[in-house]
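To start, the structure under review is shown below, and the notes come after it.
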Amino acid sequence: MALLEMRDICKSFSGVYANDHISLTVEKGEIHALLGENGAGKTTLVNILYGIYTADEGQVLWKGSPVDFHSPADAIASGIGMVQQHFSLVRRMSVLDNVIMNLQGNSFFLDRKASSRRLMELADKYGMHVDPQAMVCDLSVGEQQRVEILKALYRDVELLILDEPTGVLTPQETEHFFRILRTLKAEGYGILIITHRMSEIMEISDRVSILRDGRKAAELTTADTDPAELARYMIGRNLKEAYDLDQVSSQDALLTLENVCLQGGGRVRPVNDVSLTVHKGEILGIAGVEGNGQKELAEIVAGVKRCSSGRITLDGKDITDLNARRSYEAGISYISDDRLRDSLVTDMDVQENLILKEFRNEPFSTHRRMHFKAITKNAEEKVETYKIKTSGKGSVKTPVRLMSGGNQQKLIIARELTDSTVLVVASQPTRGLDIGATEFVRECLVSQRNAGKGVLLISADLEEILELSDRIAVVFGGRIVGILDRKDATEQQIGLLMGGIRQKEVGA
């Protein structure tokens with residue numbers, strides 16, 4: 001008898017099927033991977049399982065009996081836990097308080113000493129060592145993830161759903177995390193893992209179900225398949241094996257940062273005495289665990305924030321005090337890590353978003369008069385060039401909020417990568433994208449590099465950094481702790497640097 005069985009699940013939104021008769025089983029002691037492009041239906045399916053959505057048709061069986069969850073609380077009570085990509089911990093509370101929150105109605109009346117002992121026993125059993133009294137805000141990302149898993153195990157779950165669980169972990173943390181999953185599997189837990197990383201699917205899963213356009217395209221035994229076959233089922237074609245990093249003759253400095261600092265609250269410096277250079281025709285990758293100053297560094301270079309000290313030059317010209325608009329006019333394009341907050345106006349349509357930075361200029365306007373034919377023509381050309389899918393056939397008047405994350409990202413790239421661009425600041429440019437959209441974004445960055453432009457690539461995806469970068473700078477605590485040539489860099493070296501070990505100590 002399967003631990004979980006979902007039979008012919010259907011769910012539609014506004015008449016469009018997100019799930020179209022999808023069936024899925026998870027056995028005890030199995031790690032089952034769920035793979036698919038953005039919009040393929042993965043999130044909808046697990047949200048139905050977790051009680052966030054209700055299926056229009058189909059049936060969910062839990063340990064052989066039909067169930068109908070109306071909320072996550074129902075799912076948890078039955079033994080199903082979920083660790084989402086964005087953690088649900090209360091940062092200003094302790095580890096223990098987060099774990100016991102909402103148990104028996106009010107955690108204040110629980111036996112805190114007994115709860116702490118049980119938490120420590122679970123942590124020791126599965127090698128997830130945390131301090132019950134530590135504040136969540138003081139924990140690393142890897143430690144916070146352990147707390148989320150312990151929180152589920154504390155509630156005696158038997159099935160654990162994990163959504164992109166390694167997206168912000170170092171290689172060492174990922175290795176430790178996989179050891180935990182294997183231990184849980186040996187204990188008889190069922191695990192359903194959603195990930196875009198083929199290498200992780202091949203390493204950790206027993207079976208993989210692939211969704212495409214809301215339907216189940218295939219279910220494969222992992223040991224009997226390979227990444228190429230997974231990709232074909234997922235996107236209908238083979239992925240590129242490598243990116244064409246042409247030899248670029250010029251090694252002239254394009255962007256130079258000298259002792260750049262950004263003062264945060266109190267004595268904290270999110271960016272602390274950073275010096276680095278991006279050359280023309282180079283991708284400089286910035287690797288590091290999130291929260292070590294990468295976002296602030298990107299915002300300083302793009303003019304969103306002004307550094308508190310230091311100097312920044314672009315092609316020999318001082319741009320230290322330029323704001324975001326002046327930086328863009330100087331040739332700096334910015335792909336933010338948060339497209340919805342920083343880069344798009346979601347209630348505007350495609351053609352409006354494509355001219356957000358140029359609407360004052362010809363050919364889109366003269367003397368404050370908008371030229372709508374030019375605006376529409378620009379949008380139609382970019383939708384075709386960048387293969388942006390809209391809700392209607394090529395409709396440039398589609399509201400951006402109705403588009404998938406991958407197509408929203410393509411729209412941003414279509415707007416940012418102009419003929420006048422000399423430097424691209426790309427912060428987590430493929431986060432949350434499926435493998436097809438990820439490949440497209442990476443090809444765009446490589447084409448900019450091969451055209452002699454500079455690219456500052458900030459990514460938590462170490463595979464991406466190693467595939468695309470000419471050189472790799474590693475940040476920890478707001479500082480650059482090492483700079484490596486790609487041909488000399490290893491995941492082990494970078495992982496140690498990401499953990500705060502200096503370059504001379506790892507022999508890099």
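By order in the structure tokens, chains are A, B, ...; within a chain, residues start at 1; ligands start at 1, following the order shown.
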Original post:
So which bits of region 406-468 of chain A end up helix (DSSP H, G or I) when you DSSP the backbone, as a ChimeraX atom specification?
Top reply: /A:406-416,435-450,462-468
Writer output for current selection, N, CA and C atoms, as a tab-separated table (two decimals), in the first residue's frame:
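This is the output file selection-v7.tsv:
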chain	number	residue	atom	x	y	z
A	406	GLY	N	9.12	32.75	-15.65
A	406	GLY	CA	10.11	32.70	-16.71
A	406	GLY	C	9.88	33.75	-17.78
A	407	ASN	N	8.64	33.97	-18.15
A	407	ASN	CA	8.34	34.97	-19.16
A	407	ASN	C	8.47	36.39	-18.61
A	408	GLN	N	8.19	36.58	-17.33
A	408	GLN	CA	8.46	37.87	-16.72
A	408	GLN	C	9.95	38.19	-16.75
A	409	GLN	N	10.78	37.16	-16.49
A	409	GLN	CA	12.22	37.38	-16.51
A	409	GLN	C	12.72	37.68	-17.93
A	410	LYS	N	12.16	36.99	-18.92
A	410	LYS	CA	12.53	37.29	-20.31
A	410	LYS	C	12.17	38.72	-20.67
A	411	LEU	N	11.04	39.20	-20.16
A	411	LEU	CA	10.63	40.58	-20.43
A	411	LEU	C	11.65	41.56	-19.86
A	412	ILE	N	12.10	41.31	-18.64
A	412	ILE	CA	13.10	42.19	-18.02
A	412	ILE	C	14.38	42.20	-18.83
A	413	ILE	N	14.82	41.02	-19.26
A	413	ILE	CA	16.05	40.93	-20.06
A	413	ILE	C	15.88	41.65	-21.39
A	414	ALA	N	14.72	41.52	-22.01
A	414	ALA	CA	14.45	42.21	-23.28
A	414	ALA	C	14.54	43.72	-23.10
A	415	ARG	N	14.11	44.21	-21.96
A	415	ARG	CA	14.17	45.65	-21.70
A	415	ARG	C	15.59	46.12	-21.35
A	416	GLU	N	16.30	45.30	-20.57
A	416	GLU	CA	17.59	45.74	-20.03
A	416	GLU	C	18.74	45.61	-21.02
A	435	ILE	N	14.33	24.70	-16.41
A	435	ILE	CA	15.60	24.53	-17.12
A	435	ILE	C	15.60	25.17	-18.50
A	436	GLY	N	14.43	25.22	-19.16
A	436	GLY	CA	14.38	25.85	-20.47
A	436	GLY	C	14.59	27.35	-20.38
A	437	ALA	N	13.88	28.00	-19.45
A	437	ALA	CA	14.04	29.45	-19.27
A	437	ALA	C	15.43	29.78	-18.74
A	438	THR	N	15.95	28.91	-17.86
A	438	THR	CA	17.30	29.11	-17.34
A	438	THR	C	18.33	29.09	-18.46
A	439	GLU	N	18.21	28.14	-19.36
A	439	GLU	CA	19.14	28.06	-20.49
A	439	GLU	C	19.07	29.32	-21.34
A	440	PHE	N	17.88	29.83	-21.58
A	440	PHE	CA	17.71	31.03	-22.39
A	440	PHE	C	18.38	32.23	-21.74
A	441	VAL	N	18.15	32.41	-20.43
A	441	VAL	CA	18.74	33.55	-19.72
A	441	VAL	C	20.26	33.47	-19.75
A	442	ARG	N	20.80	32.29	-19.53
A	442	ARG	CA	22.25	32.12	-19.53
A	442	ARG	C	22.83	32.43	-20.91
A	443	GLU	N	22.15	32.00	-21.95
A	443	GLU	CA	22.63	32.29	-23.30
A	443	GLU	C	22.66	33.79	-23.56
A	444	CYS	N	21.68	34.51	-23.04
A	444	CYS	CA	21.66	35.97	-23.20
A	444	CYS	C	22.87	36.61	-22.52
A	445	LEU	N	23.20	36.15	-21.32
A	445	LEU	CA	24.34	36.71	-20.60
A	445	LEU	C	25.65	36.39	-21.33
A	446	VAL	N	25.76	35.16	-21.82
A	446	VAL	CA	26.97	34.78	-22.55
A	446	VAL	C	27.11	35.61	-23.83
A	447	SER	N	26.00	35.89	-24.52
A	447	SER	CA	26.07	36.68	-25.75
A	447	SER	C	26.54	38.10	-25.45
A	448	GLN	N	26.14	38.66	-24.30
A	448	GLN	CA	26.63	39.98	-23.91
A	448	GLN	C	28.13	39.94	-23.68
A	449	ARG	N	28.59	38.92	-23.00
A	449	ARG	CA	30.02	38.76	-22.75
A	449	ARG	C	30.80	38.60	-24.05
A	450	ASN	N	30.27	37.78	-24.96
A	450	ASN	CA	30.96	37.54	-26.22
A	450	ASN	C	30.96	38.76	-27.13
A	462	LEU	N	25.78	27.44	-7.60
A	462	LEU	CA	27.21	27.25	-7.85
A	462	LEU	C	27.46	26.63	-9.22
A	463	GLU	N	26.58	25.75	-9.67
A	463	GLU	CA	26.72	25.19	-11.02
A	463	GLU	C	26.69	26.30	-12.06
A	464	GLU	N	25.80	27.25	-11.88
A	464	GLU	CA	25.67	28.37	-12.81
A	464	GLU	C	26.94	29.22	-12.81
A	465	ILE	N	27.46	29.50	-11.62
A	465	ILE	CA	28.68	30.29	-11.50
A	465	ILE	C	29.84	29.60	-12.23
A	466	LEU	N	29.97	28.30	-12.04
A	466	LEU	CA	31.08	27.57	-12.64
A	466	LEU	C	30.91	27.43	-14.16
A	467	GLU	N	29.68	27.35	-14.64
A	467	GLU	CA	29.45	27.20	-16.07
A	467	GLU	C	29.70	28.48	-16.84
A	468	LEU	N	29.38	29.63	-16.24
A	468	LEU	CA	29.36	30.88	-17.00
A	468	LEU	C	30.52	31.82	-16.73
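Omitting Arg92 (chain A) and its sequence neighbours fewer than 2 positions away, and counting only C-alpha atoms, the residues within 7 Å are Val90, Ser94, Met135, Val136 and Cys137 of chain A.
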Sel. of strand (DSSP E or B) residues, region 102-304 of chain A, as a compact mmCIF listing (two decimals) with all heavy atoms, in the first residue's frame:
# COMPACT_ATOMS: atom_id res chain seq x y z
N MET A 135 18.02 32.55 18.49
CA MET A 135 17.04 33.30 17.71
C MET A 135 17.20 32.93 16.24
O MET A 135 18.32 32.81 15.72
CB MET A 135 17.26 34.81 17.89
CG MET A 135 17.10 35.28 19.33
SD MET A 135 15.40 35.07 19.94
CE MET A 135 14.57 36.35 19.01
N LEU A 159 5.20 12.09 5.72
CA LEU A 159 5.55 12.51 4.37
C LEU A 159 6.03 13.95 4.43
O LEU A 159 5.37 14.82 5.00
CB LEU A 159 4.34 12.41 3.43
CG LEU A 159 4.54 12.98 2.02
CD1 LEU A 159 5.52 12.11 1.22
CD2 LEU A 159 3.21 13.10 1.27
N LEU A 160 7.18 14.22 3.82
CA LEU A 160 7.77 15.54 3.83
C LEU A 160 7.85 16.06 2.39
O LEU A 160 8.43 15.42 1.51
CB LEU A 160 9.18 15.47 4.43
CG LEU A 160 9.83 16.74 4.95
CD1 LEU A 160 8.96 17.44 5.99
CD2 LEU A 160 11.20 16.43 5.54
N ILE A 161 7.24 17.22 2.16
CA ILE A 161 7.29 17.88 0.85
C ILE A 161 8.34 18.98 0.93
O ILE A 161 8.30 19.84 1.81
CB ILE A 161 5.93 18.50 0.47
CG1 ILE A 161 4.80 17.46 0.56
CG2 ILE A 161 5.98 19.10 -0.92
CD1 ILE A 161 3.42 18.08 0.52
N LEU A 162 9.29 18.97 -0.01
CA LEU A 162 10.39 19.92 -0.01
C LEU A 162 10.40 20.67 -1.33
O LEU A 162 10.52 20.08 -2.39
CB LEU A 162 11.73 19.20 0.18
CG LEU A 162 11.85 18.34 1.44
CD1 LEU A 162 13.09 17.46 1.37
CD2 LEU A 162 11.88 19.21 2.70
N ASP A 163 10.26 22.00 -1.26
CA ASP A 163 10.19 22.84 -2.46
C ASP A 163 11.52 23.55 -2.66
O ASP A 163 11.88 24.45 -1.89
CB ASP A 163 9.05 23.85 -2.32
CG ASP A 163 8.81 24.64 -3.59
OD1 ASP A 163 9.50 24.36 -4.60
OD2 ASP A 163 7.95 25.53 -3.59
N GLY A 190 8.36 9.10 3.69
CA GLY A 190 8.21 9.41 2.28
C GLY A 190 8.62 10.85 2.05
O GLY A 190 8.32 11.72 2.88
N ILE A 191 9.31 11.11 0.96
CA ILE A 191 9.79 12.46 0.67
C ILE A 191 9.44 12.80 -0.77
O ILE A 191 9.75 12.06 -1.70
CB ILE A 191 11.31 12.58 0.88
CG1 ILE A 191 11.66 12.30 2.35
CG2 ILE A 191 11.82 13.96 0.47
CD1 ILE A 191 13.13 12.14 2.62
N LEU A 192 8.76 13.94 -0.95
CA LEU A 192 8.43 14.46 -2.28
C LEU A 192 9.21 15.75 -2.45
O LEU A 192 9.00 16.71 -1.72
CB LEU A 192 6.92 14.72 -2.38
CG LEU A 192 6.38 15.22 -3.73
CD1 LEU A 192 6.66 14.21 -4.83
CD2 LEU A 192 4.88 15.50 -3.63
N ILE A 193 10.15 15.77 -3.40
CA ILE A 193 11.06 16.89 -3.54
C ILE A 193 10.87 17.56 -4.90
O ILE A 193 10.84 16.90 -5.94
CB ILE A 193 12.53 16.44 -3.35
CG1 ILE A 193 13.49 17.62 -3.43
CG2 ILE A 193 12.91 15.34 -4.31
CD1 ILE A 193 14.91 17.27 -3.00
N ILE A 194 10.70 18.88 -4.88
CA ILE A 194 10.59 19.67 -6.11
C ILE A 194 11.91 20.38 -6.32
O ILE A 194 12.38 21.11 -5.44
CB ILE A 194 9.46 20.71 -6.01
CG1 ILE A 194 8.11 20.03 -5.75
CG2 ILE A 194 9.40 21.55 -7.28
CD1 ILE A 194 6.99 21.00 -5.45
N ARG A 207 12.56 7.83 -7.73
CA ARG A 207 11.72 7.96 -8.92
C ARG A 207 11.52 9.45 -9.20
O ARG A 207 11.64 10.28 -8.32
CB ARG A 207 10.36 7.29 -8.73
CG ARG A 207 10.38 5.78 -8.81
CD ARG A 207 8.96 5.22 -8.81
NE ARG A 207 8.24 5.53 -7.58
CZ ARG A 207 6.92 5.72 -7.50
NH1 ARG A 207 6.17 5.67 -8.59
NH2 ARG A 207 6.35 5.97 -6.34
N VAL A 208 11.15 9.75 -10.45
CA VAL A 208 10.87 11.14 -10.81
C VAL A 208 9.63 11.18 -11.70
O VAL A 208 9.50 10.40 -12.63
CB VAL A 208 12.09 11.78 -11.51
CG1 VAL A 208 12.56 10.97 -12.70
CG2 VAL A 208 11.78 13.22 -11.94
N SER A 209 8.72 12.08 -11.35
CA SER A 209 7.54 12.34 -12.17
C SER A 209 7.72 13.69 -12.85
O SER A 209 8.09 14.68 -12.20
CB SER A 209 6.26 12.36 -11.32
OG SER A 209 5.95 11.06 -10.87
N ILE A 210 7.46 13.73 -14.15
CA ILE A 210 7.68 14.94 -14.94
C ILE A 210 6.35 15.48 -15.42
O ILE A 210 5.55 14.76 -16.04
CB ILE A 210 8.59 14.65 -16.14
CG1 ILE A 210 9.89 14.00 -15.66
CG2 ILE A 210 8.90 15.93 -16.92
CD1 ILE A 210 10.70 13.37 -16.76
N LEU A 211 6.09 16.75 -15.10
CA LEU A 211 4.87 17.42 -15.55
C LEU A 211 5.19 18.35 -16.71
O LEU A 211 6.26 18.98 -16.74
CB LEU A 211 4.23 18.22 -14.41
CG LEU A 211 3.91 17.47 -13.12
CD1 LEU A 211 3.09 18.37 -12.18
CD2 LEU A 211 3.16 16.18 -13.39
N ARG A 212 4.26 18.43 -17.65
CA ARG A 212 4.42 19.32 -18.79
C ARG A 212 3.05 19.83 -19.22
O ARG A 212 2.15 19.03 -19.49
CB ARG A 212 5.10 18.59 -19.95
CG ARG A 212 5.45 19.48 -21.12
CD ARG A 212 6.24 18.70 -22.16
NE ARG A 212 6.54 19.52 -23.32
CZ ARG A 212 7.08 19.05 -24.43
NH1 ARG A 212 7.42 17.77 -24.51
NH2 ARG A 212 7.32 19.85 -25.45
N ARG A 215 0.03 18.33 -17.45
CA ARG A 215 -0.19 16.89 -17.53
C ARG A 215 1.07 16.14 -17.12
O ARG A 215 2.17 16.68 -17.15
CB ARG A 215 -0.58 16.48 -18.95
CG ARG A 215 -1.91 17.06 -19.41
CD ARG A 215 -2.29 16.54 -20.78
NE ARG A 215 -3.60 17.03 -21.19
CZ ARG A 215 -4.20 16.68 -22.32
NH1 ARG A 215 -3.60 15.82 -23.15
NH2 ARG A 215 -5.40 17.16 -22.63
N LYS A 216 0.89 14.88 -16.76
CA LYS A 216 2.03 14.05 -16.42
C LYS A 216 2.63 13.49 -17.70
O LYS A 216 2.01 12.71 -18.41
CB LYS A 216 1.59 12.92 -15.49
CG LYS A 216 2.74 12.11 -14.92
CD LYS A 216 2.22 11.13 -13.89
CE LYS A 216 3.31 10.27 -13.30
NZ LYS A 216 2.78 9.33 -12.29
N ALA A 217 3.87 13.92 -17.98
CA ALA A 217 4.52 13.50 -19.22
C ALA A 217 5.20 12.15 -19.07
O ALA A 217 5.30 11.39 -20.04
CB ALA A 217 5.55 14.55 -19.65
N ALA A 218 5.70 11.85 -17.87
CA ALA A 218 6.42 10.59 -17.67
C ALA A 218 6.64 10.35 -16.19
O ALA A 218 6.63 11.28 -15.38
CB ALA A 218 7.77 10.60 -18.39
N GLU A 219 6.80 9.07 -15.85
CA GLU A 219 7.27 8.68 -14.53
C GLU A 219 8.39 7.67 -14.74
O GLU A 219 8.18 6.64 -15.39
CB GLU A 219 6.15 8.08 -13.69
CG GLU A 219 6.61 7.70 -12.28
CD GLU A 219 5.50 7.10 -11.45
OE1 GLU A 219 4.49 7.79 -11.23
OE2 GLU A 219 5.63 5.92 -11.07
N LEU A 220 9.58 7.98 -14.21
CA LEU A 220 10.76 7.19 -14.50
C LEU A 220 11.46 6.75 -13.22
O LEU A 220 11.41 7.46 -12.20
CB LEU A 220 11.75 7.99 -15.35
CG LEU A 220 11.21 8.58 -16.66
CD1 LEU A 220 12.21 9.57 -17.23
CD2 LEU A 220 10.92 7.48 -17.66
N THR A 221 12.09 5.61 -13.27
CA THR A 221 12.99 5.19 -12.20
C THR A 221 14.32 5.92 -12.42
O THR A 221 14.90 5.83 -13.51
CB THR A 221 13.21 3.68 -12.22
OG1 THR A 221 11.94 3.03 -12.06
CG2 THR A 221 14.15 3.25 -11.10
N ALA A 253 40.02 47.00 -18.19
CA ALA A 253 39.10 47.13 -17.07
C ALA A 253 37.87 47.91 -17.51
O ALA A 253 37.97 48.97 -18.15
CB ALA A 253 39.78 47.83 -15.90
N LEU A 254 36.69 47.39 -17.20
CA LEU A 254 35.44 48.09 -17.50
C LEU A 254 34.87 48.70 -16.22
O LEU A 254 34.67 49.91 -16.12
CB LEU A 254 34.42 47.13 -18.12
CG LEU A 254 33.02 47.70 -18.37
CD1 LEU A 254 33.09 48.83 -19.38
CD2 LEU A 254 32.07 46.61 -18.84
N LEU A 255 34.63 47.86 -15.21
CA LEU A 255 34.11 48.31 -13.92
C LEU A 255 35.17 48.09 -12.86
O LEU A 255 35.75 47.01 -12.78
CB LEU A 255 32.85 47.53 -13.55
CG LEU A 255 32.28 47.80 -12.16
CD1 LEU A 255 31.56 49.16 -12.13
CD2 LEU A 255 31.34 46.69 -11.72
N THR A 256 35.41 49.11 -12.04
CA THR A 256 36.37 48.98 -10.96
C THR A 256 35.75 49.49 -9.66
O THR A 256 35.20 50.60 -9.62
CB THR A 256 37.66 49.77 -11.25
OG1 THR A 256 38.23 49.32 -12.47
CG2 THR A 256 38.68 49.58 -10.13
N LEU A 257 35.81 48.66 -8.63
CA LEU A 257 35.39 49.06 -7.28
C LEU A 257 36.64 49.13 -6.41
O LEU A 257 37.43 48.18 -6.38
CB LEU A 257 34.41 48.07 -6.67
CG LEU A 257 32.93 48.20 -7.06
CD1 LEU A 257 32.72 47.84 -8.53
CD2 LEU A 257 32.05 47.33 -6.17
N GLU A 258 36.80 50.26 -5.70
CA GLU A 258 37.96 50.43 -4.84
C GLU A 258 37.49 50.71 -3.41
O GLU A 258 36.89 51.74 -3.13
CB GLU A 258 38.82 51.61 -5.32
CG GLU A 258 39.34 51.46 -6.75
CD GLU A 258 40.06 52.71 -7.21
OE1 GLU A 258 40.99 53.17 -6.50
OE2 GLU A 258 39.67 53.25 -8.26
N ASN A 259 37.72 49.73 -2.53
CA ASN A 259 37.44 49.88 -1.09
C ASN A 259 36.02 50.37 -0.82
O ASN A 259 35.78 51.25 -0.01
CB ASN A 259 38.44 50.84 -0.44
CG ASN A 259 39.88 50.44 -0.71
OD1 ASN A 259 40.61 51.14 -1.40
ND2 ASN A 259 40.30 49.28 -0.21
N VAL A 260 35.07 49.76 -1.51
CA VAL A 260 33.67 50.19 -1.40
C VAL A 260 33.03 49.63 -0.14
O VAL A 260 33.14 48.43 0.16
CB VAL A 260 32.88 49.75 -2.66
CG1 VAL A 260 31.38 49.95 -2.46
CG2 VAL A 260 33.36 50.53 -3.87
N CYS A 261 32.36 50.50 0.59
CA CYS A 261 31.63 50.11 1.81
C CYS A 261 30.21 50.64 1.76
O CYS A 261 29.93 51.66 1.13
CB CYS A 261 32.32 50.67 3.06
SG CYS A 261 33.97 50.04 3.37
N LEU A 262 29.31 49.91 2.41
CA LEU A 262 27.94 50.38 2.62
C LEU A 262 27.63 50.23 4.08
O LEU A 262 27.71 49.12 4.63
CB LEU A 262 26.96 49.56 1.79
CG LEU A 262 25.47 49.92 1.99
CD1 LEU A 262 25.18 51.32 1.47
CD2 LEU A 262 24.56 48.91 1.30
N VAL A 271 28.27 45.71 2.89
CA VAL A 271 29.38 45.67 1.94
C VAL A 271 30.57 46.31 2.64
O VAL A 271 30.52 47.45 3.06
CB VAL A 271 29.05 46.42 0.63
CG1 VAL A 271 30.24 46.41 -0.32
CG2 VAL A 271 27.82 45.81 -0.03
N ASN A 272 31.65 45.53 2.77
CA ASN A 272 32.75 45.95 3.66
C ASN A 272 34.09 45.90 2.92
O ASN A 272 34.68 44.84 2.73
CB ASN A 272 32.78 45.03 4.89
CG ASN A 272 33.65 45.57 5.99
OD1 ASN A 272 34.34 46.57 5.83
ND2 ASN A 272 33.64 44.90 7.13
N ASP A 273 34.53 47.06 2.46
CA ASP A 273 35.86 47.22 1.86
C ASP A 273 36.05 46.30 0.65
O ASP A 273 37.04 45.58 0.54
CB ASP A 273 36.94 46.93 2.91
CG ASP A 273 38.30 47.48 2.50
OD1 ASP A 273 38.34 48.49 1.80
OD2 ASP A 273 39.31 46.86 2.88
N VAL A 274 35.10 46.37 -0.28
CA VAL A 274 35.14 45.51 -1.47
C VAL A 274 35.91 46.19 -2.59
O VAL A 274 35.62 47.33 -2.97
CB VAL A 274 33.71 45.16 -1.95
CG1 VAL A 274 33.74 44.53 -3.34
CG2 VAL A 274 33.04 44.23 -0.96
N SER A 275 36.90 45.49 -3.12
CA SER A 275 37.64 45.93 -4.30
C SER A 275 37.62 44.81 -5.32
O SER A 275 37.95 43.66 -5.00
CB SER A 275 39.09 46.28 -3.94
OG SER A 275 39.15 47.37 -3.05
N LEU A 276 37.21 45.13 -6.55
CA LEU A 276 37.21 44.13 -7.62
C LEU A 276 37.13 44.83 -8.97
O LEU A 276 36.80 46.01 -9.06
CB LEU A 276 36.08 43.11 -7.46
CG LEU A 276 34.63 43.59 -7.33
CD1 LEU A 276 34.03 43.94 -8.70
CD2 LEU A 276 33.79 42.52 -6.68
N THR A 277 37.41 44.07 -10.02
CA THR A 277 37.39 44.60 -11.38
C THR A 277 36.64 43.63 -12.29
O THR A 277 36.81 42.41 -12.19
CB THR A 277 38.83 44.78 -11.92
OG1 THR A 277 39.52 45.72 -11.08
CG2 THR A 277 38.82 45.31 -13.34
N VAL A 278 35.79 44.18 -13.15
CA VAL A 278 35.17 43.42 -14.23
C VAL A 278 35.76 43.93 -15.54
O VAL A 278 35.73 45.13 -15.81
CB VAL A 278 33.63 43.59 -14.24
CG1 VAL A 278 33.03 42.76 -15.39
CG2 VAL A 278 33.02 43.19 -12.91
N HIS A 279 36.32 43.02 -16.34
CA HIS A 279 36.92 43.40 -17.60
C HIS A 279 35.91 43.39 -18.74
O HIS A 279 34.85 42.75 -18.64
CB HIS A 279 38.07 42.45 -17.94
CG HIS A 279 39.18 42.46 -16.94
ND1 HIS A 279 39.30 41.51 -15.95
CD2 HIS A 279 40.20 43.33 -16.75
CE1 HIS A 279 40.36 41.77 -15.20
NE2 HIS A 279 40.92 42.87 -15.67
N GLU A 282 34.04 39.92 -20.14
CA GLU A 282 34.23 38.98 -19.03
C GLU A 282 32.96 38.85 -18.22
O GLU A 282 32.22 39.81 -18.03
CB GLU A 282 35.35 39.48 -18.10
CG GLU A 282 35.54 38.59 -16.87
CD GLU A 282 36.52 39.16 -15.86
OE1 GLU A 282 36.43 40.37 -15.54
OE2 GLU A 282 37.38 38.39 -15.39
N ILE A 283 32.71 37.63 -17.77
CA ILE A 283 31.68 37.41 -16.74
C ILE A 283 32.41 37.16 -15.43
O ILE A 283 33.16 36.18 -15.30
CB ILE A 283 30.78 36.20 -17.08
CG1 ILE A 283 29.99 36.45 -18.36
CG2 ILE A 283 29.81 35.92 -15.92
CD1 ILE A 283 29.10 35.29 -18.79
N LEU A 284 32.23 38.07 -14.49
CA LEU A 284 32.76 37.89 -13.14
C LEU A 284 31.63 37.37 -12.27
O LEU A 284 30.64 38.06 -12.05
CB LEU A 284 33.31 39.19 -12.57
CG LEU A 284 33.83 39.10 -11.12
CD1 LEU A 284 35.08 38.23 -11.05
CD2 LEU A 284 34.12 40.48 -10.54
N GLY A 285 31.76 36.14 -11.82
CA GLY A 285 30.74 35.54 -10.96
C GLY A 285 30.98 35.89 -9.51
O GLY A 285 32.12 35.89 -9.04
N ILE A 286 29.89 36.19 -8.80
CA ILE A 286 29.95 36.44 -7.36
C ILE A 286 29.22 35.29 -6.67
O ILE A 286 28.01 35.14 -6.81
CB ILE A 286 29.28 37.77 -6.97
CG1 ILE A 286 29.91 38.94 -7.73
CG2 ILE A 286 29.38 37.99 -5.46
CD1 ILE A 286 31.31 39.29 -7.32
N ALA A 287 29.97 34.45 -5.96
CA ALA A 287 29.40 33.30 -5.27
C ALA A 287 29.33 33.58 -3.78
O ALA A 287 30.17 34.29 -3.23
CB ALA A 287 30.24 32.05 -5.52
Original post:
Near Ser404 (chain A), within 9 Å and counting only C-alpha atoms, which residues show up once chain neighbours fewer than 5 positions away are dropped, as an MDAnalysis selection string?
Top reply: chainID A and resid 38:39 389:390 409
Go ahead and dump the residues you just picked, all heavy atoms, as an mmCIF file, in the first residue's frame.
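As written to disk, part-v4.cif reads:
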data_model
loop_
_atom_site.group_PDB
_atom_site.id
_atom_site.type_symbol
_atom_site.label_atom_id
_atom_site.label_comp_id
_atom_site.auth_asym_id
_atom_site.auth_seq_id
_atom_site.Cartn_x
_atom_site.Cartn_y
_atom_site.Cartn_z
ATOM 1 N N ASN A 38 8.281 25.981 -15.256
ATOM 2 C CA ASN A 38 7.388 26.911 -14.571
ATOM 3 C C ASN A 38 6.036 26.877 -15.269
ATOM 4 O O ASN A 38 5.956 26.948 -16.491
ATOM 5 C CB ASN A 38 7.943 28.333 -14.615
ATOM 6 C CG ASN A 38 9.254 28.466 -13.863
ATOM 7 O OD1 ASN A 38 10.290 28.676 -14.460
ATOM 8 N ND2 ASN A 38 9.212 28.316 -12.561
ATOM 9 N N GLY A 39 4.977 26.748 -14.480
ATOM 10 C CA GLY A 39 3.641 26.686 -15.053
ATOM 11 C C GLY A 39 3.206 25.298 -15.460
ATOM 12 O O GLY A 39 2.111 25.115 -16.001
ATOM 13 N N LYS A 389 6.162 34.485 -23.948
ATOM 14 C CA LYS A 389 4.796 33.967 -24.088
ATOM 15 C C LYS A 389 3.840 34.850 -23.298
ATOM 16 O O LYS A 389 4.029 35.091 -22.109
ATOM 17 C CB LYS A 389 4.715 32.524 -23.591
ATOM 18 C CG LYS A 389 5.498 31.533 -24.441
ATOM 19 C CD LYS A 389 5.351 30.116 -23.894
ATOM 20 C CE LYS A 389 6.145 29.117 -24.715
ATOM 21 N NZ LYS A 389 6.035 27.739 -24.146
ATOM 22 N N THR A 390 2.802 35.308 -23.968
ATOM 23 C CA THR A 390 1.769 36.120 -23.333
ATOM 24 C C THR A 390 0.474 35.329 -23.320
ATOM 25 O O THR A 390 0.390 34.231 -23.863
ATOM 26 C CB THR A 390 1.591 37.442 -24.092
ATOM 27 O OG1 THR A 390 1.213 37.139 -25.449
ATOM 28 C CG2 THR A 390 2.884 38.248 -24.105
ATOM 29 N N GLN A 409 10.776 37.160 -16.494
ATOM 30 C CA GLN A 409 12.220 37.376 -16.513
ATOM 31 C C GLN A 409 12.717 37.679 -17.932
ATOM 32 O O GLN A 409 13.591 38.526 -18.122
ATOM 33 C CB GLN A 409 12.942 36.154 -15.941
ATOM 34 C CG GLN A 409 14.403 36.384 -15.633
ATOM 35 C CD GLN A 409 14.615 37.194 -14.365
ATOM 36 O OE1 GLN A 409 13.739 37.920 -13.923
ATOM 37 N NE2 GLN A 409 15.795 37.073 -13.797
#
